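This is query-v7.json. It holds JSON, C-alpha atoms.
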```json
[["chain", "number", "residue", "atom", "x", "y", "z"],
["A", 11, "MET", "CA", -14.94, -15.46, -24.97],
["A", 12, "ILE", "CA", -15.03, -11.82, -23.90],
["A", 13, "ILE", "CA", -11.79, -9.97, -23.29],
["A", 14, "LEU", "CA", -11.84, -6.70, -21.35],
["A", 15, "GLY", "CA", -8.54, -4.87, -21.69],
["A", 16, "SER", "CA", -7.63, -6.74, -24.85],
["A", 17, "ASN", "CA", -4.38, -4.81, -25.43],
["A", 18, "SER", "CA", -2.99, -6.17, -22.17],
["A", 19, "GLU", "CA", -0.06, -8.52, -22.74],
["A", 20, "VAL", "CA", -1.48, -10.90, -20.13],
["A", 21, "ALA", "CA", -4.91, -10.94, -21.77],
["A", 22, "GLN", "CA", -3.39, -11.67, -25.17],
["A", 23, "ALA", "CA", -1.15, -14.37, -23.72],
["A", 24, "PHE", "CA", -4.21, -15.95, -22.06],
["A", 25, "VAL", "CA", -6.10, -16.00, -25.36],
["A", 26, "GLU", "CA", -3.15, -17.70, -27.04],
["A", 27, "GLU", "CA", -2.83, -20.19, -24.16],
["A", 28, "CYS", "CA", -6.50, -21.14, -24.51],
["A", 29, "LEU", "CA", -6.25, -21.56, -28.27],
["A", 30, "ALA", "CA", -2.98, -23.50, -28.04],
["A", 31, "LYS", "CA", -4.66, -25.86, -25.56],
["A", 32, "GLY", "CA", -7.42, -26.55, -28.06],
["A", 33, "GLU", "CA", -10.21, -24.38, -26.63],
["A", 34, "LYS", "CA", -12.84, -23.57, -29.25],
["A", 35, "PHE", "CA", -14.64, -20.23, -29.43],
["A", 36, "GLN", "CA", -17.13, -19.24, -32.08],
["A", 37, "THR", "CA", -16.06, -15.63, -31.57],
["A", 38, "ILE", "CA", -13.62, -13.88, -29.28],
["A", 39, "TYR", "CA", -14.92, -10.42, -28.45],
["A", 40, "LEU", "CA", -12.03, -8.02, -27.98],
["A", 41, "LEU", "CA", -13.26, -5.01, -26.00],
["A", 42, "SER", "CA", -10.75, -2.22, -26.25],
["A", 43, "SER", "CA", -10.28, 1.49, -25.60],
["A", 44, "ASN", "CA", -7.81, 1.48, -28.51],
["A", 45, "PRO", "CA", -9.38, -0.59, -31.33],
["A", 46, "GLU", "CA", -6.67, 0.33, -33.83],
["A", 47, "THR", "CA", -4.01, -1.34, -31.68],
["A", 48, "THR", "CA", -6.24, -4.36, -31.08],
["A", 49, "GLU", "CA", -6.54, -5.00, -34.82],
["A", 50, "LYS", "CA", -2.99, -6.35, -34.92],
["A", 51, "PHE", "CA", -3.77, -8.99, -32.31],
["A", 52, "ALA", "CA", -7.05, -9.90, -33.99],
["A", 53, "GLY", "CA", -5.15, -10.48, -37.22],
["A", 54, "HIS", "CA", -2.54, -12.54, -35.39],
["A", 55, "ILE", "CA", -5.00, -15.04, -33.89],
["A", 56, "GLN", "CA", -6.84, -15.26, -37.20],
["A", 57, "VAL", "CA", -3.64, -16.26, -39.03],
["A", 58, "LYS", "CA", -2.12, -18.46, -36.32],
["A", 59, "PHE", "CA", -5.24, -20.18, -34.96],
["A", 60, "PHE", "CA", -7.93, -19.45, -37.59],
["A", 61, "GLN", "CA", -9.82, -17.80, -34.73],
["A", 62, "HIS", "CA", -12.58, -15.37, -35.58],
["A", 63, "SER", "CA", -12.77, -12.27, -33.39],
["A", 64, "GLU", "CA", -14.74, -9.06, -33.19],
["A", 65, "ILE", "CA", -13.35, -5.77, -31.90],
["A", 66, "ILE", "CA", -15.75, -3.67, -29.84],
["A", 67, "PRO", "CA", -14.74, -0.17, -28.68],
["A", 68, "LEU", "CA", -15.12, 0.30, -24.93],
["A", 69, "ASP", "CA", -13.49, 3.08, -22.93],
["A", 70, "LEU", "CA", -14.26, 3.12, -19.21],
["A", 71, "MET", "CA", -13.47, 6.83, -19.05],
["A", 72, "ASN", "CA", -16.33, 7.58, -21.44],
["A", 73, "ASP", "CA", -20.03, 6.76, -21.24],
["A", 74, "ILE", "CA", -20.64, 3.08, -21.98],
["A", 75, "ASP", "CA", -23.11, 2.27, -24.75],
["A", 76, "TYR", "CA", -24.49, -1.01, -23.43],
["A", 77, "LYS", "CA", -26.54, -1.52, -26.57],
["A", 78, "THR", "CA", -23.28, -2.42, -28.36],
["A", 79, "LEU", "CA", -22.75, -5.23, -25.83],
["A", 80, "GLU", "CA", -26.23, -6.77, -25.87],
["A", 81, "ASN", "CA", -25.53, -9.17, -28.74],
["A", 82, "ILE", "CA", -22.43, -10.63, -27.09],
["A", 83, "ASN", "CA", -23.04, -14.20, -25.99],
["A", 84, "SER", "CA", -20.18, -15.90, -24.19],
["A", 85, "ASP", "CA", -19.52, -18.33, -21.37],
["A", 86, "VAL", "CA", -16.06, -16.98, -20.51],
["A", 87, "LEU", "CA", -15.02, -13.45, -19.59],
["A", 88, "PHE", "CA", -11.41, -12.46, -19.00],
["A", 89, "CYS", "CA", -10.77, -8.99, -17.54],
["A", 90, "ALA", "CA", -7.29, -7.51, -17.51],
["A", 91, "THR", "CA", -8.40, -3.89, -17.29],
["A", 92, "GLY", "CA", -6.15, -1.87, -15.04],
["A", 93, "TYR", "CA", -4.36, 1.43, -14.55],
["A", 94, "LEU", "CA", -1.33, 1.79, -12.29],
["A", 95, "GLY", "CA", -1.10, 5.57, -12.44],
["A", 96, "LEU", "CA", 1.50, 7.65, -10.67],
["A", 97, "GLY", "CA", 3.09, 6.46, -7.46],
["A", 98, "THR", "CA", 2.43, 8.10, -4.12],
["A", 99, "GLU", "CA", 5.22, 10.66, -4.25],
["A", 100, "GLU", "CA", 4.19, 11.98, -7.66],
["A", 101, "GLY", "CA", 0.48, 11.40, -7.68],
["A", 102, "LEU", "CA", -1.06, 11.30, -4.22],
["A", 103, "TYR", "CA", -2.43, 14.84, -4.38],
["A", 104, "ASP", "CA", -3.04, 14.81, -8.13],
["A", 105, "ASP", "CA", -6.83, 14.51, -8.22],
["A", 106, "GLU", "CA", -6.98, 13.53, -11.89],
["A", 107, "ASN", "CA", -4.50, 10.71, -11.27],
["A", 108, "THR", "CA", -6.40, 9.50, -8.19],
["A", 109, "GLU", "CA", -9.78, 9.56, -9.90],
["A", 110, "ARG", "CA", -8.51, 7.70, -12.95],
["A", 111, "ILE", "CA", -6.93, 4.96, -10.80],
["A", 112, "ILE", "CA", -10.18, 4.47, -8.88],
["A", 113, "ASP", "CA", -12.39, 4.67, -11.98],
["A", 114, "VAL", "CA", -10.47, 2.25, -14.21],
["A", 115, "ASN", "CA", -9.65, -0.29, -11.51],
["A", 116, "TYR", "CA", -13.01, -0.25, -9.74],
["A", 117, "ALA", "CA", -15.71, 2.41, -9.97],
["A", 118, "LYS", "CA", -16.35, 2.33, -13.72],
["A", 119, "LEU", "CA", -15.28, -1.27, -14.18],
["A", 120, "VAL", "CA", -17.80, -2.84, -11.79],
["A", 121, "PRO", "CA", -20.93, -1.81, -13.75],
["A", 122, "VAL", "CA", -19.48, -3.47, -16.87],
["A", 123, "LEU", "CA", -18.69, -6.64, -14.94],
["A", 124, "ASN", "CA", -22.21, -6.54, -13.48],
["A", 125, "PHE", "CA", -23.64, -6.33, -16.99],
["A", 126, "PHE", "CA", -21.97, -9.56, -18.04],
["A", 127, "ALA", "CA", -22.53, -11.24, -14.65],
["A", 128, "LYS", "CA", -26.27, -10.71, -15.03],
["A", 129, "ARG", "CA", -26.23, -12.33, -18.47],
["A", 130, "MET", "CA", -24.32, -15.35, -17.15],
["A", 131, "GLU", "CA", -26.67, -15.60, -14.18],
["A", 132, "SER", "CA", -29.66, -15.72, -16.53],
["A", 133, "LYS", "CA", -28.04, -18.63, -18.43],
["A", 134, "ARG", "CA", -26.86, -20.29, -15.21],
["A", 135, "ALA", "CA", -23.48, -20.85, -16.79],
["A", 136, "GLY", "CA", -20.17, -19.08, -17.26],
["A", 137, "THR", "CA", -16.80, -18.15, -15.84],
["A", 138, "MET", "CA", -15.55, -14.67, -14.99],
["A", 139, "ILE", "CA", -11.76, -14.36, -14.68],
["A", 140, "VAL", "CA", -10.73, -10.97, -13.31],
["A", 141, "LEU", "CA", -7.24, -9.67, -12.57],
["A", 142, "SER", "CA", -7.00, -7.86, -9.26],
["A", 143, "SER", "CA", -3.65, -7.44, -7.47],
["A", 144, "VAL", "CA", -1.61, -8.38, -4.42],
["A", 145, "ALA", "CA", -1.45, -4.61, -3.86],
["A", 146, "GLY", "CA", -5.03, -4.86, -2.61],
["A", 147, "GLU", "CA", -4.12, -7.06, 0.35],
["A", 148, "ARG", "CA", -2.55, -4.30, 2.44],
["A", 149, "GLY", "CA", -2.05, -0.60, 1.89],
["A", 150, "ARG", "CA", 1.60, 0.28, 1.32],
["A", 151, "GLN", "CA", 2.90, 3.82, 1.12],
["A", 152, "SER", "CA", 4.35, 3.34, -2.36],
["A", 153, "ASN", "CA", 1.03, 2.70, -4.13],
["A", 154, "PHE", "CA", -1.88, 2.72, -1.71],
["A", 155, "ILE", "CA", -4.32, 4.56, -4.00],
["A", 156, "TYR", "CA", -3.91, 1.81, -6.59],
["A", 157, "GLY", "CA", -3.93, -0.80, -3.82],
["A", 158, "SER", "CA", -7.14, 0.55, -2.32],
["A", 159, "ALA", "CA", -8.92, 0.34, -5.69],
["A", 160, "LYS", "CA", -7.72, -3.24, -6.13],
["A", 161, "ALA", "CA", -8.80, -4.05, -2.55],
["A", 162, "ALA", "CA", -12.28, -2.84, -3.46],
["A", 163, "LEU", "CA", -12.24, -4.95, -6.63],
["A", 164, "THR", "CA", -11.13, -8.04, -4.67],
["A", 165, "ALA", "CA", -13.95, -7.55, -2.15],
["A", 166, "TYR", "CA", -16.46, -7.09, -4.99],
["A", 167, "LEU", "CA", -15.30, -10.31, -6.67],
["A", 168, "SER", "CA", -15.52, -12.20, -3.38],
["A", 169, "GLY", "CA", -19.12, -11.08, -2.93],
["A", 170, "LEU", "CA", -19.96, -11.74, -6.56],
["A", 171, "ARG", "CA", -18.52, -15.25, -6.29],
["A", 172, "ASN", "CA", -20.65, -15.87, -3.19],
["A", 173, "TYR", "CA", -23.77, -14.51, -4.91],
["A", 174, "LEU", "CA", -23.29, -16.41, -8.17],
["A", 175, "PHE", "CA", -22.23, -19.74, -6.69],
["A", 176, "ASP", "CA", -25.70, -21.28, -6.64],
["A", 177, "LYS", "CA", -26.40, -19.70, -10.04],
["A", 178, "LYS", "CA", -23.69, -21.97, -11.50],
["A", 179, "VAL", "CA", -21.37, -19.08, -12.44],
["A", 180, "HIS", "CA", -17.69, -19.37, -11.51],
["A", 181, "VAL", "CA", -15.75, -16.25, -10.47],
["A", 182, "LEU", "CA", -11.94, -16.48, -10.41],
["A", 183, "THR", "CA", -9.95, -13.70, -8.76],
["A", 184, "VAL", "CA", -6.38, -13.55, -10.05],
["A", 185, "LYS", "CA", -3.76, -11.77, -7.95],
["A", 186, "PRO", "CA", -0.67, -11.03, -10.00],
["A", 187, "GLY", "CA", 2.43, -9.84, -8.23],
["A", 188, "PHE", "CA", 5.09, -8.11, -10.30],
["A", 189, "MET", "CA", 4.45, -8.47, -14.01],
["A", 190, "ASP", "CA", 6.87, -7.82, -16.84],
["A", 191, "THR", "CA", 4.51, -5.68, -18.92],
["A", 192, "LYS", "CA", 4.24, -2.20, -20.43],
["A", 193, "MET", "CA", 2.48, -1.01, -17.27],
["A", 194, "THR", "CA", 5.53, -1.81, -15.11],
["A", 195, "GLU", "CA", 8.20, -0.85, -17.65],
["A", 196, "GLY", "CA", 11.08, 0.92, -15.96],
["A", 197, "LEU", "CA", 10.22, -0.21, -12.44],
["A", 198, "PRO", "CA", 12.92, -2.03, -10.41],
["A", 199, "LEU", "CA", 11.27, -5.46, -10.19],
["A", 200, "ASN", "CA", 12.73, -8.48, -8.41],
["A", 201, "PRO", "CA", 13.16, -11.20, -11.08],
["A", 202, "ALA", "CA", 12.28, -13.94, -8.56],
["A", 203, "LEU", "CA", 8.91, -12.30, -7.94],
["A", 204, "THR", "CA", 8.17, -11.27, -11.53],
["A", 205, "ALA", "CA", 6.19, -13.25, -14.08],
["A", 206, "SER", "CA", 6.19, -12.89, -17.84],
["A", 207, "PRO", "CA", 2.79, -12.61, -19.56],
["A", 208, "LYS", "CA", 3.21, -16.15, -20.91],
["A", 209, "LYS", "CA", 4.01, -17.58, -17.47],
["A", 210, "ALA", "CA", 1.06, -15.71, -16.01],
["A", 211, "ALA", "CA", -1.27, -17.00, -18.74],
["A", 212, "GLU", "CA", -0.22, -20.59, -18.09],
["A", 213, "GLY", "CA", -0.99, -20.25, -14.38],
["A", 214, "ILE", "CA", -4.31, -18.49, -14.96],
["A", 215, "TYR", "CA", -5.42, -21.10, -17.49],
["A", 216, "LYS", "CA", -4.63, -23.89, -15.02],
["A", 217, "ALA", "CA", -6.59, -22.10, -12.27],
["A", 218, "PHE", "CA", -9.49, -21.59, -14.69],
["A", 219, "LYS", "CA", -9.67, -25.27, -15.64],
["A", 220, "ASN", "CA", -9.36, -26.32, -11.98],
["A", 221, "LYS", "CA", -12.15, -23.89, -11.00],
["A", 222, "LYS", "CA", -10.04, -22.11, -8.41],
["A", 223, "ASN", "CA", -11.60, -19.23, -6.51],
["A", 224, "VAL", "CA", -8.43, -17.19, -5.97],
["A", 225, "ALA", "CA", -5.09, -17.68, -7.69],
["A", 226, "TYR", "CA", -1.70, -16.03, -7.39],
["A", 227, "VAL", "CA", 0.21, -15.89, -10.67],
["A", 228, "LEU", "CA", 3.38, -17.06, -8.89],
["A", 229, "PRO", "CA", 2.83, -19.30, -5.84],
["A", 230, "ILE", "CA", 5.57, -17.48, -3.90],
["A", 231, "TRP", "CA", 3.29, -14.44, -3.64],
["A", 232, "ALA", "CA", 0.89, -16.34, -1.38],
["A", 233, "PHE", "CA", 3.76, -16.73, 1.10],
["A", 234, "VAL", "CA", 4.99, -13.15, 0.67],
["A", 235, "MET", "CA", 1.53, -11.69, 1.25],
["A", 236, "LEU", "CA", 0.90, -13.96, 4.23],
["A", 237, "ILE", "CA", 3.91, -12.35, 5.89],
["A", 238, "ILE", "CA", 2.95, -8.81, 4.89],
["A", 239, "ARG", "CA", -0.66, -9.21, 6.06],
["A", 240, "ASN", "CA", 0.50, -10.40, 9.49],
["A", 241, "ILE", "CA", 3.06, -7.72, 10.30],
["A", 242, "PRO", "CA", 1.66, -5.81, 13.32],
["A", 243, "GLU", "CA", 0.45, -2.34, 12.38],
["A", 244, "PHE", "CA", 2.74, -0.58, 14.88],
["A", 245, "ILE", "CA", 5.67, -2.08, 12.99],
["A", 246, "PHE", "CA", 4.20, -1.98, 9.50],
["A", 247, "LYS", "CA", 3.56, 1.77, 9.57],
["A", 248, "LYS", "CA", 7.30, 2.39, 10.01],
["A", 249, "LEU", "CA", 8.36, 0.31, 7.00],
["A", 250, "LYS", "CA", 9.28, 1.72, 3.61],
["A", 251, "LEU", "CA", 7.24, -0.54, 1.37]]
```

For the file at hand, write its structure as structure tokens.
Amino acid sequence: MIILGSNSEVAQAFVEECLAKGEKFQTIYLLSSNPETTEKFAGHIQVKFFQHSEIIPLDLMNDIDYKTLENINSDVLFCATGYLGLGTEEGLYDDENTERIIDVNYAKLVPVLNFFAKRMESKRAGTMIVLSSVAGERGRQSNFIYGSAKAALTAYLSGLRNYLFDKKVHVLTVKPGFMDTKMTEGLPLNPALTASPKKAAEGIYKAFKNKKNVAYVLPIWAFVMLIIRNIPEFIFKKLKL
């Protein structure tokens, strides 16, 4: 299994969920922009599950050395790469913030996903599980730069799923709502709409095994976003969301 964003709490919880459910992997490849931090998790799954892993440095904000990825052979990819950045009030006109949000969540991520998609296509087997966001379903003034990048990622995954369907490769788009993670630390999140990494991992694993195309981490978000998507624009533009 390949993990992109392997220091993500959700990614780590998903790995543990798979191993606890009895999934067997010859190697779990932990791709990380901070290998030193990843070493702790690698040690944890070795001790708890006797699971061999390999840490591979990969930083989307630097040039990618694809030669270091050529020997990776896996039928499952899990991508939890993401960057929330500053909210609209603080970061809208901060070009560095805007570029990093777009790069990490879409522009520099897609070529890496394409690299592994091509390898799965050539084998005619595999599953790509990629975390997008409910923020990509409609632009809201509080985080529309982040939302626009996730909207692009969601559209890319939809097209990729369509393209790879007859190549026997499964693409699962995961749309988390509020998540209790380091990325959202300090934000005023509604507990009823917020999932822990463990709860998220359980839902994602179930969607993976059931070969879902799109999955919300908490089912309530499907209802919430149905409402938000259908608010008329002349009303929506006046709301403080």

Against stretch 105-120 of chain A, which residues of stretch 52-97 of chain A fall within 10 Å? For each one I want the closest pair of atoms and the distance in Å (one decimal), counting all atoms listed in the file, rows by chain and increasing residue number, as JSON lines.
```
{"residue": "A:Asp69", "atom": "CA", "partner": "A:Val114", "partner_atom": "CA", "distance": 9.3}
{"residue": "A:Leu70", "atom": "CA", "partner": "A:Lys118", "partner_atom": "CA", "distance": 5.9}
{"residue": "A:Met71", "atom": "CA", "partner": "A:Val114", "partner_atom": "CA", "distance": 7.3}
{"residue": "A:Asn72", "atom": "CA", "partner": "A:Lys118", "partner_atom": "CA", "distance": 9.3}
{"residue": "A:Asp73", "atom": "CA", "partner": "A:Lys118", "partner_atom": "CA", "distance": 9.5}
{"residue": "A:Ile74", "atom": "CA", "partner": "A:Lys118", "partner_atom": "CA", "distance": 9.3}
{"residue": "A:Cys89", "atom": "CA", "partner": "A:Leu119", "partner_atom": "CA", "distance": 9.6}
{"residue": "A:Ala90", "atom": "CA", "partner": "A:Asn115", "partner_atom": "CA", "distance": 9.7}
{"residue": "A:Thr91", "atom": "CA", "partner": "A:Asn115", "partner_atom": "CA", "distance": 6.9}
{"residue": "A:Gly92", "atom": "CA", "partner": "A:Asn115", "partner_atom": "CA", "distance": 5.2}
{"residue": "A:Tyr93", "atom": "CA", "partner": "A:Ile111", "partner_atom": "CA", "distance": 5.8}
{"residue": "A:Leu94", "atom": "CA", "partner": "A:Ile111", "partner_atom": "CA", "distance": 6.6}
{"residue": "A:Gly95", "atom": "CA", "partner": "A:Ile111", "partner_atom": "CA", "distance": 6.1}
{"residue": "A:Leu96", "atom": "CA", "partner": "A:Asn107", "partner_atom": "CA", "distance": 6.8}
{"residue": "A:Gly97", "atom": "CA", "partner": "A:Asn107", "partner_atom": "CA", "distance": 9.5}
```

Test item: axis-aligned box, all listed atoms of stretch 109-128 of chain A, 5 Å on each side, centre and edges in Å rounded to one decimal, as AutoDock Vina command-line options:
```
--center_x -16.6 --center_y -0.8 --center_z -13.5 --size_x 29.3 --size_y 30.8 --size_z 19.2
```

| field | Distance criterion (only C-alpha atoms): nearest to A:Ser16 out of A:Glu46, A:Asp176, A:Asp190, A:Glu33 | value |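 When distances to A:Ser16 are compared using only C-alpha atoms, the smallest one comes from A:Glu46.
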
Got a sec: who's within 12 Å of A:Ile238, counting all atoms listed in the file, leaving out chain neighbours fewer than 6 positions off, as a PDB file with C-alpha atoms, in the frame of the given file?
```pdb
ATOM      1  CA  VAL A 144      -1.610  -8.380  -4.420  1.00  0.00           C
ATOM      2  CA  ALA A 145      -1.450  -4.610  -3.860  1.00  0.00           C
ATOM      3  CA  GLY A 146      -5.030  -4.860  -2.610  1.00  0.00           C
ATOM      4  CA  GLU A 147      -4.120  -7.060   0.350  1.00  0.00           C
ATOM      5  CA  ARG A 148      -2.550  -4.300   2.440  1.00  0.00           C
ATOM      6  CA  GLY A 149      -2.050  -0.600   1.890  1.00  0.00           C
ATOM      7  CA  ARG A 150       1.600   0.280   1.320  1.00  0.00           C
ATOM      8  CA  TRP A 231       3.290 -14.440  -3.640  1.00  0.00           C
ATOM      9  CA  ALA A 232       0.890 -16.340  -1.380  1.00  0.00           C
ATOM     10  CA  ILE A 245       5.670  -2.080  12.990  1.00  0.00           C
ATOM     11  CA  PHE A 246       4.200  -1.980   9.500  1.00  0.00           C
ATOM     12  CA  LYS A 247       3.560   1.770   9.570  1.00  0.00           C
ATOM     13  CA  LEU A 249       8.360   0.310   7.000  1.00  0.00           C
ATOM     14  CA  LEU A 251       7.240  -0.540   1.370  1.00  0.00           C
TER      15      LEU A 251
END
```

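Each of A:Ile241, A:Ile214, A:Ala205, A:Ala161 was checked against A:Ala21 using all atoms listed in the file; the smallest atom-to-atom distance is that of A:Ile214.
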
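Proximity to A:Lys177 was assessed for A:Gln151, A:Thr37, A:Thr137, A:Thr98 counting all atoms listed in the file; the smallest distance is recorded for A:Thr137.
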
| request: Figure out the distance between atom CA of A:Ser63 and atom CA of A:Lys50, please, to one decimal in Å. | output: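 So the answer is 11.5 Å.
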
Since the input has fewer atoms than a full residue there, write stretch 218-232 of chain A out with N, CA, C and O atoms, as a JSON list (two decimals), keeping the file's coordinate frame.
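For reference, selection18.json as written:
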```json
[["chain", "number", "residue", "atom", "x", "y", "z"],
["A", 218, "PHE", "N", -8.18, -21.61, -14.03],
["A", 218, "PHE", "CA", -9.49, -21.59, -14.69],
["A", 218, "PHE", "C", -10.03, -23.00, -14.88],
["A", 218, "PHE", "O", -11.19, -23.29, -14.53],
["A", 219, "LYS", "N", -9.21, -23.89, -15.39],
["A", 219, "LYS", "CA", -9.67, -25.27, -15.64],
["A", 219, "LYS", "C", -9.92, -26.03, -14.34],
["A", 219, "LYS", "O", -10.77, -26.92, -14.29],
["A", 220, "ASN", "N", -9.17, -25.66, -13.27],
["A", 220, "ASN", "CA", -9.36, -26.32, -11.98],
["A", 220, "ASN", "C", -10.43, -25.65, -11.12],
["A", 220, "ASN", "O", -10.63, -26.01, -9.96],
["A", 221, "LYS", "N", -11.08, -24.62, -11.69],
["A", 221, "LYS", "CA", -12.15, -23.89, -11.00],
["A", 221, "LYS", "C", -11.71, -23.35, -9.64],
["A", 221, "LYS", "O", -12.43, -23.43, -8.63],
["A", 222, "LYS", "N", -10.52, -22.76, -9.63],
["A", 222, "LYS", "CA", -10.04, -22.11, -8.41],
["A", 222, "LYS", "C", -10.85, -20.85, -8.14],
["A", 222, "LYS", "O", -11.40, -20.23, -9.05],
["A", 223, "ASN", "N", -10.92, -20.47, -6.89],
["A", 223, "ASN", "CA", -11.60, -19.23, -6.51],
["A", 223, "ASN", "C", -10.65, -18.04, -6.56],
["A", 223, "ASN", "O", -11.01, -16.96, -7.05],
["A", 224, "VAL", "N", -9.46, -18.24, -6.01],
["A", 224, "VAL", "CA", -8.43, -17.19, -5.97],
["A", 224, "VAL", "C", -7.11, -17.82, -6.38],
["A", 224, "VAL", "O", -6.78, -18.94, -5.95],
["A", 225, "ALA", "N", -6.37, -17.14, -7.23],
["A", 225, "ALA", "CA", -5.09, -17.68, -7.69],
["A", 225, "ALA", "C", -4.04, -16.57, -7.74],
["A", 225, "ALA", "O", -4.30, -15.47, -8.22],
["A", 226, "TYR", "N", -2.86, -16.90, -7.22],
["A", 226, "TYR", "CA", -1.70, -16.03, -7.39],
["A", 226, "TYR", "C", -0.98, -16.48, -8.66],
["A", 226, "TYR", "O", -0.85, -17.68, -8.91],
["A", 227, "VAL", "N", -0.47, -15.54, -9.43],
["A", 227, "VAL", "CA", 0.21, -15.89, -10.67],
["A", 227, "VAL", "C", 1.46, -16.72, -10.36],
["A", 227, "VAL", "O", 1.72, -17.73, -11.00],
["A", 228, "LEU", "N", 2.25, -16.28, -9.38],
["A", 228, "LEU", "CA", 3.38, -17.06, -8.89],
["A", 228, "LEU", "C", 3.07, -17.51, -7.47],
["A", 228, "LEU", "O", 2.74, -16.68, -6.62],
["A", 229, "PRO", "N", 3.18, -18.79, -7.18],
["A", 229, "PRO", "CA", 2.83, -19.30, -5.84],
["A", 229, "PRO", "C", 3.57, -18.61, -4.70],
["A", 229, "PRO", "O", 3.03, -18.50, -3.60],
["A", 230, "ILE", "N", 4.79, -18.12, -4.96],
["A", 230, "ILE", "CA", 5.57, -17.48, -3.90],
["A", 230, "ILE", "C", 4.85, -16.27, -3.32],
["A", 230, "ILE", "O", 5.04, -15.90, -2.16],
["A", 231, "TRP", "N", 3.98, -15.64, -4.13],
["A", 231, "TRP", "CA", 3.29, -14.44, -3.64],
["A", 231, "TRP", "C", 2.30, -14.76, -2.52],
["A", 231, "TRP", "O", 2.02, -13.91, -1.67],
["A", 232, "ALA", "N", 1.78, -15.96, -2.49],
["A", 232, "ALA", "CA", 0.89, -16.34, -1.38],
["A", 232, "ALA", "C", 1.66, -16.29, -0.07],
["A", 232, "ALA", "O", 1.14, -15.82, 0.96]]
```
